[in-house]
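**Q** Structure: upload-v5.pdb, PDB, C-alpha atoms.
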ATOM      1  CA  MET A   1      37.754 -72.777  34.498
ATOM      2  CA  SER A   2      38.071 -74.395  31.056
ATOM      3  CA  TYR A   3      35.212 -74.744  28.611
ATOM      4  CA  HIS A   4      34.860 -77.721  26.283
ATOM      5  CA  PHE A   5      33.352 -76.794  22.919
ATOM      6  CA  GLU A   6      30.920 -79.300  21.482
ATOM      7  CA  PHE A   7      29.419 -78.969  18.000
ATOM      8  CA  GLY A   8      28.267 -82.536  17.498
ATOM      9  CA  TRP A   9      24.643 -81.401  17.738
ATOM     10  CA  LEU A  10      24.977 -79.720  14.326
ATOM     11  CA  LEU A  11      24.349 -83.057  12.604
ATOM     12  CA  GLU A  12      21.165 -83.645  14.589
ATOM     13  CA  TYR A  13      19.715 -80.156  14.323
ATOM     14  CA  TYR A  14      20.788 -79.131  10.817
ATOM     15  CA  PRO A  15      17.161 -79.311   9.499
ATOM     16  CA  GLU A  16      16.168 -76.595  11.981
ATOM     17  CA  ILE A  17      19.159 -74.483  10.960
ATOM     18  CA  ILE A  18      18.392 -74.856   7.255
ATOM     19  CA  LYS A  19      14.733 -73.989   7.843
ATOM     20  CA  GLY A  20      15.757 -70.939   9.847
ATOM     21  CA  ILE A  21      18.102 -69.773   7.083
ATOM     22  CA  LEU A  22      15.411 -70.213   4.420
ATOM     23  CA  ILE A  23      12.838 -68.262   6.416
ATOM     24  CA  THR A  24      15.363 -65.481   7.065
ATOM     25  CA  LEU A  25      16.065 -65.344   3.314
ATOM     26  CA  GLU A  26      12.334 -65.263   2.613
ATOM     27  CA  LEU A  27      11.900 -62.384   5.033
ATOM     28  CA  ILE A  28      14.621 -60.298   3.431
ATOM     29  CA  ALA A  29      13.496 -61.127  -0.124
ATOM     30  CA  ILE A  30       9.894 -60.093   0.502
ATOM     31  CA  GLY A  31      10.794 -57.253   2.844
ATOM     32  CA  GLY A  32      13.491 -55.959   0.502
ATOM     33  CA  VAL A  33      11.447 -55.916  -2.701
ATOM     34  CA  LEU A  34       8.199 -54.636  -1.206
ATOM     35  CA  GLY A  35       9.927 -52.340   1.290
ATOM     36  CA  ILE A  36      11.976 -50.592  -1.385
ATOM     37  CA  SER A  37       8.900 -50.359  -3.621
ATOM     38  CA  LEU A  38       6.997 -48.728  -0.769
ATOM     39  CA  GLY A  39       9.975 -46.445  -0.153
ATOM     40  CA  ILE A  40      10.011 -45.331  -3.782
ATOM     41  CA  PHE A  41       6.323 -44.474  -3.657
ATOM     42  CA  CYS A  42       6.674 -42.583  -0.380
ATOM     43  CA  ALA A  43       9.746 -40.728  -1.665
ATOM     44  CA  TRP A  44       7.792 -39.637  -4.734
ATOM     45  CA  VAL A  45       4.945 -38.397  -2.545
ATOM     46  CA  ARG A  46       7.258 -36.447  -0.239
ATOM     47  CA  ALA A  47       9.261 -34.908  -3.085
ATOM     48  CA  LEU A  48       6.805 -34.494  -5.944
ATOM     49  CA  GLY A  49       3.433 -35.888  -4.904
ATOM     50  CA  PRO A  50       0.105 -34.224  -4.143
ATOM     51  CA  ALA A  51       0.100 -31.826  -1.207
ATOM     52  CA  TRP A  52      -2.759 -33.570   0.632
ATOM     53  CA  LEU A  53      -0.844 -36.862   0.766
ATOM     54  CA  LYS A  54       2.478 -35.471   1.962
ATOM     55  CA  PRO A  55       1.488 -35.083   5.656
ATOM     56  CA  VAL A  56       0.185 -38.664   5.720
ATOM     57  CA  VAL A  57       3.444 -40.091   4.380
ATOM     58  CA  ALA A  58       5.537 -37.774   6.553
ATOM     59  CA  THR A  59       3.674 -38.980   9.656
ATOM     60  CA  TYR A  60       4.185 -42.621   8.690
ATOM     61  CA  VAL A  61       7.901 -42.105   8.067
ATOM     62  CA  GLU A  62       8.521 -40.238  11.312
ATOM     63  CA  LEU A  63       6.465 -42.725  13.329
ATOM     64  CA  ILE A  64       8.367 -45.745  12.021
ATOM     65  CA  ARG A  65      11.810 -44.146  12.154
ATOM     66  CA  ASN A  66      11.361 -43.035  15.766
ATOM     67  CA  THR A  67       9.946 -46.220  17.295
ATOM     68  CA  PRO A  68      11.647 -49.593  17.902
ATOM     69  CA  PHE A  69      11.200 -52.299  15.284
ATOM     70  CA  LEU A  70      10.260 -54.769  18.014
ATOM     71  CA  ILE A  71       7.358 -52.555  19.132
ATOM     72  CA  GLN A  72       6.186 -52.263  15.534
ATOM     73  CA  LEU A  73       6.305 -56.055  15.237
ATOM     74  CA  PHE A  74       4.350 -56.515  18.471
ATOM     75  CA  PHE A  75       1.764 -53.949  17.380
ATOM     76  CA  ILE A  76       1.163 -55.812  14.109
ATOM     77  CA  PHE A  77       1.097 -59.298  15.628
ATOM     78  CA  PHE A  78      -0.553 -58.657  18.992
ATOM     79  CA  GLY A  79      -2.341 -55.352  18.394
ATOM     80  CA  LEU A  80      -4.083 -55.828  15.050
ATOM     81  CA  PRO A  81      -6.095 -58.876  16.244
ATOM     82  CA  SER A  82      -7.902 -56.450  18.581
ATOM     83  CA  LEU A  83      -9.201 -54.789  15.404
ATOM     84  CA  GLY A  84     -10.203 -58.147  13.919
ATOM     85  CA  LEU A  85      -7.090 -58.626  11.771
ATOM     86  CA  LYS A  86      -5.211 -61.739  12.889
ATOM     87  CA  LEU A  87      -2.007 -62.560  11.007
ATOM     88  CA  SER A  88       0.255 -65.601  11.132
ATOM     89  CA  GLU A  89       3.705 -65.225  12.643
ATOM     90  CA  LEU A  90       5.429 -65.182   9.262
ATOM     91  CA  THR A  91       2.918 -62.809   7.656
ATOM     92  CA  ALA A  92       3.229 -60.392  10.574
ATOM     93  CA  ALA A  93       7.039 -60.550  10.366
ATOM     94  CA  ASN A  94       6.967 -59.870   6.623
ATOM     95  CA  LEU A  95       4.562 -56.955   7.042
ATOM     96  CA  ALA A  96       6.654 -55.436   9.822
ATOM     97  CA  MET A  97       9.801 -55.625   7.702
ATOM     98  CA  VAL A  98       8.087 -54.050   4.691
ATOM     99  CA  VAL A  99       6.688 -51.201   6.788
ATOM    100  CA  ASN A 100      10.037 -50.626   8.514
ATOM    101  CA  LEU A 101      12.207 -50.714   5.409
ATOM    102  CA  GLY A 102       9.678 -48.625   3.494
ATOM    103  CA  ALA A 103      10.073 -45.729   5.928
ATOM    104  CA  TYR A 104      13.868 -45.809   6.038
ATOM    105  CA  SER A 105      14.302 -46.307   2.295
ATOM    106  CA  CYS A 106      11.866 -43.434   1.675
ATOM    107  CA  GLU A 107      14.248 -40.937   3.247
ATOM    108  CA  ILE A 108      17.285 -42.419   1.507
ATOM    109  CA  ILE A 109      15.605 -42.297  -1.893
ATOM    110  CA  ARG A 110      14.222 -38.816  -1.245
ATOM    111  CA  ALA A 111      17.778 -37.614  -0.680
ATOM    112  CA  GLY A 112      18.667 -38.926  -4.132
ATOM    113  CA  ILE A 113      15.675 -37.171  -5.674
ATOM    114  CA  GLN A 114      16.566 -33.875  -4.022
ATOM    115  CA  ALA A 115      20.064 -34.143  -5.493
ATOM    116  CA  THR A 116      18.614 -34.327  -9.013
ATOM    117  CA  PRO A 117      19.491 -31.248 -11.115
ATOM    118  CA  LYS A 118      16.491 -29.032 -11.853
ATOM    119  CA  GLY A 119      17.293 -29.302 -15.535
ATOM    120  CA  GLN A 120      16.078 -32.894 -15.552
ATOM    121  CA  PHE A 121      12.678 -31.839 -14.237
ATOM    122  CA  GLU A 122      12.528 -29.041 -16.797
ATOM    123  CA  ALA A 123      13.410 -31.506 -19.547
ATOM    124  CA  GLY A 124      10.463 -33.679 -18.530
ATOM    125  CA  GLU A 125       8.125 -30.696 -18.545
ATOM    126  CA  SER A 126       9.351 -29.673 -21.989
ATOM    127  CA  LEU A 127       8.301 -33.110 -23.243
ATOM    128  CA  ALA A 128       4.793 -32.585 -21.812
ATOM    129  CA  MET A 129       5.296 -35.261 -19.158
ATOM    130  CA  THR A 130       3.285 -35.255 -15.970
ATOM    131  CA  ARG A 131       5.186 -34.986 -12.670
ATOM    132  CA  PHE A 132       4.814 -38.719 -12.131
ATOM    133  CA  GLU A 133       5.999 -39.530 -15.667
ATOM    134  CA  THR A 134       9.000 -37.251 -15.186
ATOM    135  CA  PHE A 135       9.781 -39.017 -11.919
ATOM    136  CA  ARG A 136       9.433 -42.474 -13.440
ATOM    137  CA  HIS A 137      11.274 -41.957 -16.704
ATOM    138  CA  VAL A 138      13.767 -39.183 -15.938
ATOM    139  CA  VAL A 139      14.434 -38.930 -12.201
ATOM    140  CA  LEU A 140      14.045 -42.359 -10.572
ATOM    141  CA  VAL A 141      16.967 -44.329 -12.015
ATOM    142  CA  PRO A 142      19.614 -41.588 -11.570
ATOM    143  CA  SER A 143      18.325 -41.026  -8.033
ATOM    144  CA  LEU A 144      18.593 -44.719  -7.180
ATOM    145  CA  GLN A 145      22.070 -44.790  -8.705
ATOM    146  CA  ARG A 146      23.229 -42.044  -6.343
ATOM    147  CA  ILE A 147      21.959 -43.700  -3.182
ATOM    148  CA  TRP A 148      22.334 -47.410  -4.028
ATOM    149  CA  PRO A 149      25.221 -48.056  -1.578
ATOM    150  CA  ALA A 150      23.290 -46.438   1.285
ATOM    151  CA  LEU A 151      20.116 -48.287   0.331
ATOM    152  CA  SER A 152      22.011 -51.574   0.157
ATOM    153  CA  SER A 153      23.396 -50.991   3.643
ATOM    154  CA  GLN A 154      19.900 -50.323   4.956
ATOM    155  CA  VAL A 155      18.629 -53.589   3.476
ATOM    156  CA  VAL A 156      21.438 -55.460   5.237
ATOM    157  CA  ILE A 157      20.607 -53.685   8.512
ATOM    158  CA  VAL A 158      16.963 -54.725   8.179
ATOM    159  CA  MET A 159      18.026 -58.304   7.459
ATOM    160  CA  LEU A 160      20.087 -58.385  10.647
ATOM    161  CA  GLY A 161      17.252 -56.729  12.555
ATOM    162  CA  SER A 162      14.909 -59.490  11.411
ATOM    163  CA  SER A 163      16.342 -61.619  14.212
ATOM    164  CA  VAL A 164      13.744 -60.137  16.591
ATOM    165  CA  VAL A 165      10.889 -61.850  14.720
ATOM    166  CA  SER A 166      11.702 -64.930  16.779
ATOM    167  CA  GLN A 167       9.948 -63.080  19.630
ATOM    168  CA  ILE A 168       6.602 -63.840  17.975
ATOM    169  CA  ALA A 169       7.662 -67.432  17.183
ATOM    170  CA  ALA A 170       8.457 -66.809  13.512
ATOM    171  CA  GLU A 171      10.850 -69.674  12.815
ATOM    172  CA  ASP A 172      13.823 -67.720  11.490
ATOM    173  CA  LEU A 173      17.512 -68.377  12.162
ATOM    174  CA  THR A 174      17.429 -66.864  15.656
ATOM    175  CA  PHE A 175      14.389 -68.974  16.518
ATOM    176  CA  ALA A 176      16.359 -72.042  15.428
ATOM    177  CA  ALA A 177      19.320 -71.014  17.597
ATOM    178  CA  ASN A 178      17.038 -70.490  20.599
ATOM    179  CA  PHE A 179      15.382 -73.844  20.001
ATOM    180  CA  ILE A 180      18.712 -75.664  19.732
ATOM    181  CA  GLN A 181      20.194 -74.132  22.874
ATOM    182  CA  SER A 182      17.033 -74.981  24.823
ATOM    183  CA  ARG A 183      17.438 -78.624  23.818
ATOM    184  CA  THR A 184      21.217 -79.004  24.038
ATOM    185  CA  PHE A 185      22.054 -76.411  26.729
ATOM    186  CA  ARG A 186      24.985 -75.412  24.490
ATOM    187  CA  ALA A 187      24.089 -71.716  24.247
ATOM    188  CA  PHE A 188      27.625 -70.573  23.470
ATOM    189  CA  GLU A 189      28.007 -72.908  20.495
ATOM    190  CA  ALA A 190      24.453 -72.340  19.238
ATOM    191  CA  TYR A 191      24.903 -68.581  19.096
ATOM    192  CA  ILE A 192      28.424 -68.826  17.665
ATOM    193  CA  VAL A 193      27.006 -70.825  14.757
ATOM    194  CA  SER A 194      24.037 -68.462  14.252
ATOM    195  CA  THR A 195      26.343 -65.424  14.413
ATOM    196  CA  ALA A 196      28.634 -66.944  11.785
ATOM    197  CA  ILE A 197      25.651 -67.670   9.532
ATOM    198  CA  TYR A 198      24.321 -64.105   9.897
ATOM    199  CA  LEU A 199      27.785 -62.801   9.034
ATOM    200  CA  VAL A 200      27.924 -64.915   5.878
ATOM    201  CA  LEU A 201      24.371 -63.905   4.905
ATOM    202  CA  ALA A 202      25.189 -60.211   5.360
ATOM    203  CA  ILE A 203      28.321 -60.467   3.205
ATOM    204  CA  LEU A 204      26.490 -62.431   0.503
ATOM    205  CA  LEU A 205      23.564 -59.997   0.552
ATOM    206  CA  ARG A 206      25.920 -57.055   0.022
ATOM    207  CA  GLN A 207      27.480 -58.871  -2.923
ATOM    208  CA  VAL A 208      24.084 -59.685  -4.427
ATOM    209  CA  LEU A 209      22.963 -56.071  -4.098
ATOM    210  CA  ALA A 210      26.222 -54.911  -5.691
ATOM    211  CA  VAL A 211      25.570 -57.237  -8.643
ATOM    212  CA  VAL A 212      21.978 -56.002  -8.909
ATOM    213  CA  GLY A 213      23.252 -52.422  -8.852
ATOM    214  CA  GLY A 214      25.757 -53.231 -11.588
ATOM    215  CA  PHE A 215      22.936 -54.720 -13.678
ATOM    216  CA  ILE A 216      20.554 -51.805 -13.161
ATOM    217  CA  PHE A 217      23.234 -49.118 -13.473
ATOM    218  CA  PRO A 218      25.720 -50.515 -16.024
ATOM    219  CA  ARG A 219      27.384 -47.135 -16.625
ATOM    220  CA  ARG A 220      28.225 -46.873 -12.951
ATOM    221  CA  ALA A 221      29.658 -50.401 -12.874
ATOM    222  CA  ALA A 222      31.873 -49.596 -15.865
ATOM    223  CA  ARG A 223      33.585 -46.693 -14.071
TER     224      ARG A 223
END
Could you write out this structure as structure tokens?

**A**
Amino acid sequence: MSYHFEFGWLLEYYPEIIKGILITLELIAIGGVLGISLGIFCAWVRALGPAWLKPVVATYVELIRNTPFLIQLFFIFFGLPSLGLKLSELTAANLAMVVNLGAYSCEIIRAGIQATPKGQFEAGESLAMTRFETFRHVVLVPSLQRIWPALSSQVVIVMLGSSVVSQIAAEDLTFAANFIQSRTFRAFEAYIVSTAIYLVLAILLRQVLAVVGGFIFPRRAAR
């Protein structure tokens, strides 16, 4: 049985594809920046923070890392309204991505902190810095430099995982693909195109993160 490929619908549905791409980029931009920021804070708490806060962060990290992202998304979008907090589809998707990436990046960044030589902490103490000041000015950048490739990979993984936000009708790229195939009945072509776009986005995101790493860590880029 032969199959006739048909991509003529691309001209008719390109606005939906472009909108889906832009929303996917928005999700990864917001989720990436805020998620990594949350991860840095949580890594500081787990490595150097106050003792009373460590169990709270450890529970959050273990809970997120051992439950499916889709369940976390459903809990935020469908569960929180039961507590009186109703979020839009896009806001819920952004929040879920921040919470998810925050937990995973916490452990990656903590590994970089734990690899920091004790002499750097002692140097901060000798300058009368607090533990937080030592972390911010002495430890953070070298730690991020060590784990930047792993952190970049995690950001890409989260970007690809964002495809499930279409399950709550957030109009990302996968939502656009689902919409197009429901109208054209060309599922094979619709998902070939969306797969190709995700592939290009993942490659470009890795390149952007490599450039950002080269900007933040110029000594590393010069090696």

**Q** Extract, using all atoms listed in the file, all DNA, RNA and protein residues at most 10 Å from Leu87 of chain A, discarding same-chain residues fewer than 5 positions from it, and format them as a PyMOL selection string.

**A** chain A and resi 76-78+80-81+92-93+95

**Q** Write out as a VMD selection string which residues come within 8 Å of Val99 of chain A when counting all atoms listed in the file, dropping same-chain ones fewer than 3 positions away.

**A** chain A and resid 35 38 64 95 to 96 102 to 103

**Q** Do you know which residues the PyMOL selection byres ((chain A and resi 45) around 12) returns on this file, as a PyMOL selection string?

**A** chain A and resi 38-44+46-58+61+106-107+109-110+113+131-132+135

**Q** Could those residues be written to a file, using C-alpha atoms, as an mmCIF file, in the frame of the given file?

**A**
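Output file part28.cif is given in full below:
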data_model
loop_
_atom_site.group_PDB
_atom_site.id
_atom_site.type_symbol
_atom_site.label_atom_id
_atom_site.label_comp_id
_atom_site.auth_asym_id
_atom_site.auth_seq_id
_atom_site.Cartn_x
_atom_site.Cartn_y
_atom_site.Cartn_z
ATOM 1 C CA LEU A 38 6.997 -48.728 -0.769
ATOM 2 C CA GLY A 39 9.975 -46.445 -0.153
ATOM 3 C CA ILE A 40 10.011 -45.331 -3.782
ATOM 4 C CA PHE A 41 6.323 -44.474 -3.657
ATOM 5 C CA CYS A 42 6.674 -42.583 -0.380
ATOM 6 C CA ALA A 43 9.746 -40.728 -1.665
ATOM 7 C CA TRP A 44 7.792 -39.637 -4.734
ATOM 8 C CA ARG A 46 7.258 -36.447 -0.239
ATOM 9 C CA ALA A 47 9.261 -34.908 -3.085
ATOM 10 C CA LEU A 48 6.805 -34.494 -5.944
ATOM 11 C CA GLY A 49 3.433 -35.888 -4.904
ATOM 12 C CA PRO A 50 0.105 -34.224 -4.143
ATOM 13 C CA ALA A 51 0.100 -31.826 -1.207
ATOM 14 C CA TRP A 52 -2.759 -33.570 0.632
ATOM 15 C CA LEU A 53 -0.844 -36.862 0.766
ATOM 16 C CA LYS A 54 2.478 -35.471 1.962
ATOM 17 C CA PRO A 55 1.488 -35.083 5.656
ATOM 18 C CA VAL A 56 0.185 -38.664 5.720
ATOM 19 C CA VAL A 57 3.444 -40.091 4.380
ATOM 20 C CA ALA A 58 5.537 -37.774 6.553
ATOM 21 C CA VAL A 61 7.901 -42.105 8.067
ATOM 22 C CA CYS A 106 11.866 -43.434 1.675
ATOM 23 C CA GLU A 107 14.248 -40.937 3.247
ATOM 24 C CA ILE A 109 15.605 -42.297 -1.893
ATOM 25 C CA ARG A 110 14.222 -38.816 -1.245
ATOM 26 C CA ILE A 113 15.675 -37.171 -5.674
ATOM 27 C CA ARG A 131 5.186 -34.986 -12.670
ATOM 28 C CA PHE A 132 4.814 -38.719 -12.131
ATOM 29 C CA PHE A 135 9.781 -39.017 -11.919
#

**Q** Select from segment 65-162 of chain A every residue with an atom at most 12 Å from any atom of segment 13-21 of chain A, then for each give the shortest pair of atoms and their distance in Å to one decimal, using only C-alpha atoms, rows by chain and rising number, as CSV.

**A**
residue,atom,partner,partner_atom,distance
A:Leu90,CA,A:Gly20,CA,11.8
A:Met159,CA,A:Ile21,CA,11.5
A:Ser162,CA,A:Gly20,CA,11.6

**Q** Given the choices A:Thr91, A:Ser105, A:Ser37, A:Thr59, which gets closest to Pro149 of chain A if the distance is worked out from all atoms listed in the file?

**A**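 Of the candidates, the smallest distance to Pro149 of chain A is held by A:Ser105.
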
**Q** So the first atom is atom CA of Gln145 of chain A and the second is atom CA of Leu101 of chain A; what is the distance between them in Å, to one decimal place?

**A**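 We find that atom CA of Gln145 of chain A and atom CA of Leu101 of chain A lie 18.2 Å from each other.
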